[in-house]
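Structure file upload02.cif; described as mmCIF, C-alpha atoms.
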data_my_file
loop_
_atom_site.group_PDB
_atom_site.id
_atom_site.type_symbol
_atom_site.label_atom_id
_atom_site.label_comp_id
_atom_site.auth_asym_id
_atom_site.auth_seq_id
_atom_site.Cartn_x
_atom_site.Cartn_y
_atom_site.Cartn_z
ATOM 1 C CA MET A 1097 49.880 -6.386 8.167
ATOM 2 C CA SER A 1098 51.551 -3.629 10.114
ATOM 3 C CA GLY A 1099 55.091 -3.816 11.345
ATOM 4 C CA ALA A 1100 56.606 -5.892 8.532
ATOM 5 C CA ALA A 1101 60.282 -5.246 7.855
ATOM 6 C CA GLY A 1102 60.990 -2.180 5.773
ATOM 7 C CA GLN A 1103 57.482 -0.785 6.023
ATOM 8 C CA SER A 1104 56.602 2.596 7.400
ATOM 9 C CA ALA A 1105 53.588 4.777 8.005
ATOM 10 C CA THR A 1106 52.367 6.560 4.902
ATOM 11 C CA ARG A 1107 51.759 9.752 6.874
ATOM 12 C CA GLU A 1108 54.373 11.696 8.755
ATOM 13 C CA VAL A 1109 53.503 12.377 12.383
ATOM 14 C CA LYS A 1110 55.559 14.258 14.966
ATOM 15 C CA VAL A 1111 55.481 13.702 18.704
ATOM 16 C CA GLY A 1112 54.154 16.936 20.206
ATOM 17 C CA GLU A 1113 52.012 17.644 17.137
ATOM 18 C CA ARG A 1114 48.719 19.191 18.195
ATOM 19 C CA LEU A 1115 45.332 18.067 16.990
ATOM 20 C CA PRO A 1116 43.012 20.751 15.619
ATOM 21 C CA GLU A 1117 40.752 22.122 18.340
ATOM 22 C CA ARG A 1118 36.996 22.310 17.959
ATOM 23 C CA ALA A 1119 34.502 24.307 20.023
ATOM 24 C CA TYR A 1120 31.115 22.851 20.905
ATOM 25 C CA THR A 1121 28.239 24.841 22.382
ATOM 26 C CA PRO A 1122 25.494 22.259 22.790
ATOM 27 C CA ASP A 1123 21.991 23.611 23.335
ATOM 28 C CA ASN A 1124 18.816 22.020 24.723
ATOM 29 C CA VAL A 1125 17.907 20.696 21.299
ATOM 30 C CA GLN A 1126 21.184 18.857 20.791
ATOM 31 C CA LEU A 1127 21.153 17.498 24.342
ATOM 32 C CA MET A 1128 17.571 16.255 23.864
ATOM 33 C CA LEU A 1129 18.435 14.566 20.572
ATOM 34 C CA TYR A 1130 21.526 12.951 22.102
ATOM 35 C CA ASN A 1131 19.658 11.499 25.065
ATOM 36 C CA ALA A 1132 16.778 10.441 22.820
ATOM 37 C CA ALA A 1133 19.256 8.597 20.568
ATOM 38 C CA LEU A 1134 20.497 6.761 23.664
ATOM 39 C CA TRP A 1135 17.012 6.368 25.185
ATOM 40 C CA ASN A 1136 18.369 8.052 28.316
ATOM 41 C CA ALA A 1137 15.536 9.536 30.385
ATOM 42 C CA HIS A 1138 17.653 10.952 33.234
ATOM 43 C CA ARG A 1139 15.906 14.183 34.222
ATOM 44 C CA ILE A 1140 19.102 16.139 34.874
ATOM 45 C CA HIS A 1141 19.496 16.326 31.078
ATOM 46 C CA PHE A 1142 16.091 17.806 30.160
ATOM 47 C CA ASP A 1143 14.116 18.867 33.267
ATOM 48 C CA GLU A 1144 15.745 22.113 34.333
ATOM 49 C CA PRO A 1145 13.638 22.775 37.488
ATOM 50 C CA TYR A 1146 14.438 19.223 38.615
ATOM 51 C CA ALA A 1147 18.148 19.613 37.844
ATOM 52 C CA ARG A 1148 18.304 22.887 39.805
ATOM 53 C CA GLU A 1149 15.896 22.358 42.672
ATOM 54 C CA VAL A 1150 16.164 18.635 43.401
ATOM 55 C CA GLU A 1151 19.724 17.813 42.353
ATOM 56 C CA GLY A 1152 21.181 21.255 43.043
ATOM 57 C CA TYR A 1153 22.901 21.671 39.683
ATOM 58 C CA PRO A 1154 23.304 25.151 38.173
ATOM 59 C CA GLY A 1155 21.579 24.026 34.964
ATOM 60 C CA LEU A 1156 20.991 21.121 32.603
ATOM 61 C CA VAL A 1157 23.876 18.680 32.786
ATOM 62 C CA ILE A 1158 25.610 17.750 29.534
ATOM 63 C CA ALA A 1159 25.715 13.951 29.354
ATOM 64 C CA GLY A 1160 29.197 12.595 30.159
ATOM 65 C CA PRO A 1161 29.466 10.189 27.201
ATOM 66 C CA LEU A 1162 28.728 13.058 24.777
ATOM 67 C CA LEU A 1163 32.045 14.591 25.845
ATOM 68 C CA GLY A 1164 33.607 11.169 25.368
ATOM 69 C CA ASP A 1165 32.220 11.079 21.836
ATOM 70 C CA TRP A 1166 33.842 14.436 21.066
ATOM 71 C CA LEU A 1167 37.226 13.016 22.093
ATOM 72 C CA ASN A 1168 36.700 10.241 19.531
ATOM 73 C CA GLN A 1169 35.718 12.821 16.899
ATOM 74 C CA CYS A 1170 38.812 14.865 17.676
ATOM 75 C CA VAL A 1171 41.092 11.892 16.942
ATOM 76 C CA GLU A 1172 39.158 10.745 13.865
ATOM 77 C CA GLU A 1173 39.089 14.217 12.282
ATOM 78 C CA TRP A 1174 42.851 14.430 12.725
ATOM 79 C CA LEU A 1175 43.369 10.887 11.370
ATOM 80 C CA LYS A 1176 41.241 11.476 8.253
ATOM 81 C CA ASP A 1177 41.553 8.378 6.066
ATOM 82 C CA ASP A 1178 45.176 7.747 7.067
ATOM 83 C CA GLY A 1179 44.435 5.172 9.753
ATOM 84 C CA VAL A 1180 41.986 3.858 12.317
ATOM 85 C CA LEU A 1181 41.190 4.648 15.924
ATOM 86 C CA THR A 1182 42.002 1.508 17.934
ATOM 87 C CA SER A 1183 41.247 2.509 21.535
ATOM 88 C CA ILE A 1184 40.301 5.377 23.776
ATOM 89 C CA GLU A 1185 40.021 5.869 27.502
ATOM 90 C CA TYR A 1186 38.708 8.930 29.246
ATOM 91 C CA SER A 1187 37.041 10.082 32.409
ATOM 92 C CA ASN A 1188 34.498 12.783 33.173
ATOM 93 C CA ARG A 1189 36.166 14.857 35.910
ATOM 94 C CA ILE A 1190 34.077 18.046 36.080
ATOM 95 C CA ALA A 1191 30.365 18.420 35.275
ATOM 96 C CA THR A 1192 29.412 20.712 32.386
ATOM 97 C CA TYR A 1193 26.155 22.536 31.704
ATOM 98 C CA ILE A 1194 24.106 23.828 28.799
ATOM 99 C CA GLY A 1195 25.327 27.328 27.956
ATOM 100 C CA GLU A 1196 29.009 26.426 28.252
ATOM 101 C CA THR A 1197 31.356 26.311 25.296
ATOM 102 C CA LEU A 1198 33.654 23.301 25.432
ATOM 103 C CA VAL A 1199 36.752 22.746 23.337
ATOM 104 C CA SER A 1200 38.194 19.420 22.219
ATOM 105 C CA GLY A 1201 41.859 18.987 21.393
ATOM 106 C CA GLY A 1202 44.916 16.858 21.899
ATOM 107 C CA THR A 1203 48.595 16.165 21.327
ATOM 108 C CA VAL A 1204 50.547 13.262 19.835
ATOM 109 C CA SER A 1205 52.508 11.718 22.711
ATOM 110 C CA ALA A 1206 54.132 8.739 20.954
ATOM 111 C CA PHE A 1207 54.577 7.492 17.407
ATOM 112 C CA ASP A 1208 56.167 4.376 15.977
ATOM 113 C CA PRO A 1209 56.670 4.903 12.216
ATOM 114 C CA SER A 1210 57.421 1.205 11.608
ATOM 115 C CA THR A 1211 54.058 0.009 12.909
ATOM 116 C CA GLY A 1212 52.051 3.207 12.459
ATOM 117 C CA GLU A 1213 50.993 3.102 16.117
ATOM 118 C CA VAL A 1214 50.180 6.544 17.534
ATOM 119 C CA VAL A 1215 49.330 7.510 21.109
ATOM 120 C CA LEU A 1216 47.414 10.745 21.654
ATOM 121 C CA ASP A 1217 46.578 12.715 24.782
ATOM 122 C CA VAL A 1218 43.149 14.246 24.285
ATOM 123 C CA PHE A 1219 40.995 16.592 26.316
ATOM 124 C CA ILE A 1220 37.779 18.530 26.611
ATOM 125 C CA ARG A 1221 38.378 21.953 28.180
ATOM 126 C CA ASN A 1222 35.830 24.394 29.582
ATOM 127 C CA GLU A 1223 35.891 28.187 29.311
ATOM 128 C CA ALA A 1224 37.675 28.506 32.665
ATOM 129 C CA GLY A 1225 40.517 26.457 31.159
ATOM 130 C CA ASP A 1226 39.850 23.358 33.280
ATOM 131 C CA ILE A 1227 40.228 19.964 31.673
ATOM 132 C CA VAL A 1228 36.767 18.474 32.247
ATOM 133 C CA ALA A 1229 37.416 15.197 30.409
ATOM 134 C CA PRO A 1230 40.998 13.994 29.863
ATOM 135 C CA GLY A 1231 41.718 10.931 27.778
ATOM 136 C CA VAL A 1232 44.281 8.825 25.952
ATOM 137 C CA ALA A 1233 43.635 7.357 22.522
ATOM 138 C CA THR A 1234 45.579 4.999 20.295
ATOM 139 C CA ALA A 1235 45.386 4.829 16.528
ATOM 140 C CA ARG A 1236 47.090 2.840 13.813
ATOM 141 C CA LEU A 1237 48.204 4.649 10.699
ATOM 142 C CA THR A 1238 48.313 2.820 7.406
ATOM 143 C CA VAL A 1239 51.790 1.413 6.648
ATOM 144 C CA SER A 1240 53.168 0.333 3.314
ATOM 145 C CA MET B 225 39.619 -8.161 54.872
ATOM 146 C CA SER B 226 38.100 -4.972 53.601
ATOM 147 C CA ALA B 227 36.202 -2.712 55.962
ATOM 148 C CA LEU B 228 33.304 -2.059 53.618
ATOM 149 C CA LEU B 229 33.219 -4.998 51.272
ATOM 150 C CA SER B 230 31.709 -8.157 52.708
ATOM 151 C CA GLU B 231 32.473 -11.614 51.342
ATOM 152 C CA GLU B 232 28.889 -11.696 50.175
ATOM 153 C CA LEU B 233 29.298 -8.498 48.177
ATOM 154 C CA LEU B 234 32.605 -9.631 46.664
ATOM 155 C CA ALA B 235 30.955 -12.886 45.592
ATOM 156 C CA ASN B 236 29.202 -10.819 42.899
ATOM 157 C CA ILE B 237 32.491 -10.446 41.011
ATOM 158 C CA GLY B 238 32.222 -12.480 37.834
ATOM 159 C CA ARG B 239 28.489 -12.013 37.561
ATOM 160 C CA THR B 240 27.365 -11.789 33.921
ATOM 161 C CA SER B 241 24.309 -10.258 32.285
ATOM 162 C CA GLU B 242 22.067 -12.015 29.775
ATOM 163 C CA PRO B 243 23.551 -11.459 26.288
ATOM 164 C CA ARG B 244 21.651 -8.853 24.271
ATOM 165 C CA ARG B 245 21.502 -8.997 20.502
ATOM 166 C CA GLU B 246 20.653 -5.839 18.558
ATOM 167 C CA LEU B 247 20.441 -4.807 14.901
ATOM 168 C CA VAL B 248 22.456 -1.835 13.621
ATOM 169 C CA THR B 249 20.317 0.353 11.366
ATOM 170 C CA ARG B 250 21.244 3.249 9.098
ATOM 171 C CA ARG B 251 18.564 5.405 10.728
ATOM 172 C CA ASP B 252 19.936 4.876 14.249
ATOM 173 C CA ILE B 253 23.468 5.633 13.049
ATOM 174 C CA ARG B 254 22.278 8.849 11.402
ATOM 175 C CA LYS B 255 20.416 9.983 14.521
ATOM 176 C CA TYR B 256 23.458 9.378 16.698
ATOM 177 C CA ALA B 257 25.856 11.078 14.273
ATOM 178 C CA VAL B 258 23.610 14.155 14.026
ATOM 179 C CA ALA B 259 23.044 14.372 17.784
ATOM 180 C CA THR B 260 26.766 14.213 18.578
ATOM 181 C CA GLY B 261 27.650 16.928 16.057
ATOM 182 C CA ASN B 262 29.706 14.537 13.946
ATOM 183 C CA ARG B 263 31.021 16.108 10.699
ATOM 184 C CA GLN B 264 31.968 13.005 8.741
ATOM 185 C CA ARG B 265 29.725 12.195 5.788
ATOM 186 C CA LYS B 266 29.977 8.401 6.126
ATOM 187 C CA TYR B 267 28.480 8.640 9.610
ATOM 188 C CA LEU B 268 25.895 11.346 8.854
ATOM 189 C CA ASP B 269 24.687 9.219 5.927
ATOM 190 C CA GLY B 270 24.680 6.085 8.065
ATOM 191 C CA ASP B 271 27.112 4.159 5.839
ATOM 192 C CA GLN B 272 29.195 3.175 8.866
ATOM 193 C CA ALA B 273 28.732 3.529 12.632
ATOM 194 C CA PRO B 274 30.922 6.139 14.369
ATOM 195 C CA PRO B 275 32.983 5.259 17.463
ATOM 196 C CA MET B 276 30.818 4.950 20.584
ATOM 197 C CA PHE B 277 27.737 3.978 18.562
ATOM 198 C CA HIS B 278 27.580 0.917 20.839
ATOM 199 C CA VAL B 279 26.525 3.287 23.657
ATOM 200 C CA PRO B 280 23.071 4.009 22.149
ATOM 201 C CA LEU B 281 22.827 0.524 20.635
ATOM 202 C CA PHE B 282 23.060 -1.184 24.005
ATOM 203 C CA TRP B 283 21.528 1.439 26.329
ATOM 204 C CA ASP B 284 18.973 -0.372 28.481
ATOM 205 C CA VAL B 285 15.397 -0.199 27.196
ATOM 206 C CA VAL B 286 13.044 -0.799 30.115
ATOM 207 C CA GLU B 287 9.352 -0.246 30.651
ATOM 208 C CA LEU B 288 8.184 3.017 32.201
ATOM 209 C CA ASP B 289 7.426 1.554 35.618
ATOM 210 C CA GLN B 290 11.011 0.297 35.826
ATOM 211 C CA LEU B 291 12.453 3.803 35.629
ATOM 212 C CA THR B 292 13.110 5.604 38.898
ATOM 213 C CA PRO B 293 11.322 8.974 39.382
ATOM 214 C CA ASP B 294 14.461 10.741 38.154
ATOM 215 C CA GLY B 295 14.288 8.760 34.905
ATOM 216 C CA VAL B 296 17.100 6.283 35.495
ATOM 217 C CA SER B 297 16.933 2.552 34.871
ATOM 218 C CA ILE B 298 18.348 0.293 37.565
ATOM 219 C CA ASP B 299 21.420 -1.692 36.526
ATOM 220 C CA THR B 300 20.448 -5.208 37.584
ATOM 221 C CA LEU B 301 24.013 -6.486 37.131
ATOM 222 C CA LEU B 302 25.126 -4.516 40.199
ATOM 223 C CA PRO B 303 24.682 -5.543 43.827
ATOM 224 C CA LYS B 304 23.645 -3.030 46.464
ATOM 225 C CA PHE B 305 26.817 -1.230 47.564
ATOM 226 C CA PRO B 306 27.357 0.190 51.082
ATOM 227 C CA LEU B 307 28.279 3.542 49.468
ATOM 228 C CA GLU B 308 25.893 5.060 46.938
ATOM 229 C CA LYS B 309 27.041 8.528 45.896
ATOM 230 C CA ALA B 310 28.504 8.121 42.401
ATOM 231 C CA MET B 311 31.669 10.058 41.565
ATOM 232 C CA ALA B 312 33.395 10.523 38.229
ATOM 233 C CA GLY B 313 34.036 7.296 36.450
ATOM 234 C CA GLY B 314 36.066 6.301 33.465
ATOM 235 C CA LEU B 315 35.629 4.398 30.269
ATOM 236 C CA ARG B 316 38.089 2.429 28.196
ATOM 237 C CA ILE B 317 37.016 1.268 24.735
ATOM 238 C CA GLU B 318 38.918 -1.015 22.364
ATOM 239 C CA TYR B 319 37.778 -0.887 18.746
ATOM 240 C CA HIS B 320 38.479 -4.210 17.041
ATOM 241 C CA ARG B 321 36.214 -4.148 13.967
ATOM 242 C CA PRO B 322 34.134 -1.516 12.138
ATOM 243 C CA ILE B 323 30.322 -1.573 12.432
ATOM 244 C CA PHE B 324 27.988 -1.253 9.451
ATOM 245 C CA PRO B 325 24.203 -1.030 9.038
ATOM 246 C CA GLY B 326 22.703 -4.514 8.896
ATOM 247 C CA ASP B 327 25.158 -5.936 11.454
ATOM 248 C CA TRP B 328 23.699 -7.921 14.336
ATOM 249 C CA LEU B 329 25.767 -7.416 17.476
ATOM 250 C CA THR B 330 25.571 -9.164 20.826
ATOM 251 C CA ALA B 331 26.717 -7.561 24.075
ATOM 252 C CA THR B 332 27.503 -9.358 27.308
ATOM 253 C CA ARG B 333 28.362 -7.433 30.459
ATOM 254 C CA THR B 334 30.439 -8.833 33.321
ATOM 255 C CA LEU B 335 31.087 -7.317 36.730
ATOM 256 C CA THR B 336 34.855 -7.898 36.765
ATOM 257 C CA ALA B 337 36.076 -6.105 39.884
ATOM 258 C CA ILE B 338 34.970 -4.560 43.183
ATOM 259 C CA TYR B 339 37.616 -2.988 45.415
ATOM 260 C CA GLU B 340 38.050 -0.370 48.084
ATOM 261 C CA LYS B 341 40.540 2.492 48.364
ATOM 262 C CA GLN B 342 41.074 5.163 50.963
ATOM 263 C CA GLY B 343 40.185 8.574 49.545
ATOM 264 C CA ARG B 344 41.105 11.959 51.023
ATOM 265 C CA SER B 345 37.758 12.288 52.756
ATOM 266 C CA GLY B 346 36.931 8.661 53.452
ATOM 267 C CA PRO B 347 36.662 5.253 51.840
ATOM 268 C CA LEU B 348 35.817 4.796 48.178
ATOM 269 C CA ILE B 349 34.407 1.779 46.406
ATOM 270 C CA PHE B 350 35.499 1.071 42.840
ATOM 271 C CA TYR B 351 33.801 -1.360 40.527
ATOM 272 C CA GLU B 352 34.463 -2.375 36.935
ATOM 273 C CA VAL B 353 32.080 -3.687 34.298
ATOM 274 C CA VAL B 354 33.397 -5.114 31.029
ATOM 275 C CA MET B 355 31.091 -5.253 28.031
ATOM 276 C CA ASP B 356 32.173 -7.513 25.186
ATOM 277 C CA ILE B 357 30.416 -6.968 21.873
ATOM 278 C CA VAL B 358 30.690 -9.689 19.239
ATOM 279 C CA ASN B 359 29.259 -10.162 15.740
ATOM 280 C CA ASP B 360 27.306 -13.201 14.592
ATOM 281 C CA ASP B 361 30.586 -14.953 13.700
ATOM 282 C CA GLY B 362 31.634 -14.610 17.339
ATOM 283 C CA GLU B 363 34.392 -12.112 16.499
ATOM 284 C CA LEU B 364 35.111 -9.396 19.045
ATOM 285 C CA VAL B 365 33.984 -5.997 17.706
ATOM 286 C CA ILE B 366 34.289 -3.790 20.799
ATOM 287 C CA ARG B 367 35.463 -4.298 24.360
ATOM 288 C CA GLU B 368 34.475 -1.578 26.813
ATOM 289 C CA LYS B 369 35.493 -1.325 30.438
ATOM 290 C CA THR B 370 33.624 1.060 32.719
ATOM 291 C CA THR B 371 35.126 2.023 36.071
ATOM 292 C CA ARG B 372 32.826 3.698 38.590
ATOM 293 C CA ILE B 373 33.688 5.227 41.926
ATOM 294 C CA LEU B 374 31.259 5.422 44.864
ATOM 295 C CA ARG B 375 31.697 7.452 48.012
#
Now, as a test, write the supplied structure out as structure tokens.
Amino acid sequence: MSGAAGQSATREVKVGERLPERAYTPDNVQLMLYNAALWNAHRIHFDEPYAREVEGYPGLVIAGPLLGDWLNQCVEEWLKDDGVLTSIEYSNRIATYIGETLVSGGTVSAFDPSTGEVVLDVFIRNEAGDIVAPGVATARLTVS
Amino acid sequence: MSALLSEELLANIGRTSEPRRELVTRRDIRKYAVATGNRQRKYLDGDQAPPMFHVPLFWDVVELDQLTPDGVSIDTLLPKFPLEKAMAGGLRIEYHRPIFPGDWLTATRTLTAIYEKQGRSGPLIFYEVVMDIVNDDGELVIREKTTRILR
């Protein structure tokens, strides 16, 4: 169990440490596969004339939970096998469209070496530099 | 007393959906991992489900005539709200146990809150839906809270 006397996290983490960034440029194929995996038939994700002419979007809308998934990936790729993701919360603030390149990243905002608990601020950023999906994740590093 | 939210509407708080039980398969995990651009072998091979795999696992499967013309399925847990334009919402997910192919998981959704706030350009309605996902031993695997804003 975590938090027992004298134990500490097996990996050293510093508050302020940045998570590696990753760029995603999803195309129609990836967006189709994602929505097919969900069984999501919302036209704004695959019917471009509908998205533009009926809903007034500038293009095909990237599904919000796909950005949420990337936040999870960002934390897990940083964690490697040194711990587990325990929670995440995020919101989709700004819509994103096929053709955009989006970047995931984050920063360690708190760390308790005795329990291995880490808090991370994570984000998806668009090319204009806006945070389109901010989030906060928690993870628990292995202690021994 | 809220301006927008009638007693009748608020009486929907606590409403719960029928539990849904679904099987986790290696193939579905692989499809999801590929489609999300995941780079971890254990997910791409379907040995374990990545975070957020519960999203495809419990997405509503309805018959064609139950989809709206824009391809959306109606969420029958929700009452009709006096505001309908959806704004950005948020999600909070707690991961309690890992998910593996062969697991049977059961999800139950509860409408846990409806409240009103004054926004910059008028009133906003917030609602929250909690989805609890348990395994066949009744252990909590994932708890997800969705918050949606209507204007």
- Which distance in Å separates CA of Glu1117 (chain A) and CA of Thr1234 (chain A), to one decimal?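 CA of Thr1234 (chain A) lies 17.9 Å from CA of Glu1117 (chain A).
For the set A:Val1239, A:Ile1158, A:Ala1206, A:Val1232, the residue with the smallest atom-to-atom gap to Val1171 (chain A) is A:Val1232, counting all atoms listed in the file.
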- Message: Under the PyMOL selection byres ((chain A and resi 1119-1127) around 10), which residues of this model are included? Write them out as a ChimeraX atom specification.
- Response: /A:1117-1118,1128-1133,1141-1142,1156-1159,1162-1163,1166,1193-1201,1220-1222 /B:258-261
- Message: To one decimal place in Å, what is the distance between CA of Gly1225 (chain A) and CA of Ala310 (chain B)?
- Response: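 Going from CA of Gly1225 (chain A) over to CA of Ala310 (chain B), I get 24.6 Å.
The two atoms in question, CA of Glu352 (chain B) and CA of Val1215 (chain A), are spaced 23.9 Å apart.
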- Message: Please list as a list in words every residue within 8 Å of Thr1182 (chain A), counting all atoms listed in the file and excluding residues in the same chain fewer than 6 positions away.
- Response: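 Counting only the stated atoms, we get Ala1233, Thr1234, Ala1235 and Arg1236 of chain A; Glu318, Tyr319 and His320 of chain B.
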- Task: Could you list, as a ChimeraX atom specification, the residues of chain A having an atom within 8 Å of chain B when counting all atoms listed in the file?
- Result: /A:1126-1127,1129-1130,1133-1140,1162,1165-1166,1168-1169,1181-1190
- Query: Near region 334-340 of chain B, counting all atoms listed in the file, which residues have an atom at most 9 Å away, once you skip same-chain residues fewer than 6 positions from it, shown as an MDAnalysis selection string?
  - Reply: chainID B and resid 226:229 233:234 236:241 301:302 347:356
Coordinates of box centre and edge lengths for region 314-329 of chain B, 3 Å on every side, axis-aligned, as JSON:
{"center_x": 30.8, "center_y": -0.8, "center_z": 21.2, "size_x": 22.2, "size_y": 20.2, "size_z": 30.6}
Under the PyMOL selection byres ((chain A and resi 1238) around 8), which residues of this model are included? Write them out as a CSV table (one decimal) with C-alpha atoms, in the frame of the given file.
chain,number,residue,atom,x,y,z
A,1098,SER,CA,51.6,-3.6,10.1
A,1105,ALA,CA,53.6,4.8,8.0
A,1106,THR,CA,52.4,6.6,4.9
A,1107,ARG,CA,51.8,9.8,6.9
A,1178,ASP,CA,45.2,7.7,7.1
A,1179,GLY,CA,44.4,5.2,9.8
A,1212,GLY,CA,52.1,3.2,12.5
A,1236,ARG,CA,47.1,2.8,13.8
A,1237,LEU,CA,48.2,4.6,10.7
A,1239,VAL,CA,51.8,1.4,6.6
A,1240,SER,CA,53.2,0.3,3.3
- 8 Å contact set for Asp271 (chain B), all atoms listed in the file, chain neighbours under 6 positions out, as an MDAnalysis selection string: chainID B and resid 250 324:325
- Message: As a check of understanding, name the residues that the PyMOL selection byres ((chain A and resi 1217) around 7) selects in the supplied structure, as a list in words.
- Response: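 For this structure, the PyMOL selection byres ((chain A and resi 1217) around 7) captures Gly1202, Thr1203, Val1204, Ser1205, Val1215, Leu1216, Val1218, Phe1219, Gly1231, Val1232 and Ala1233 of chain A.
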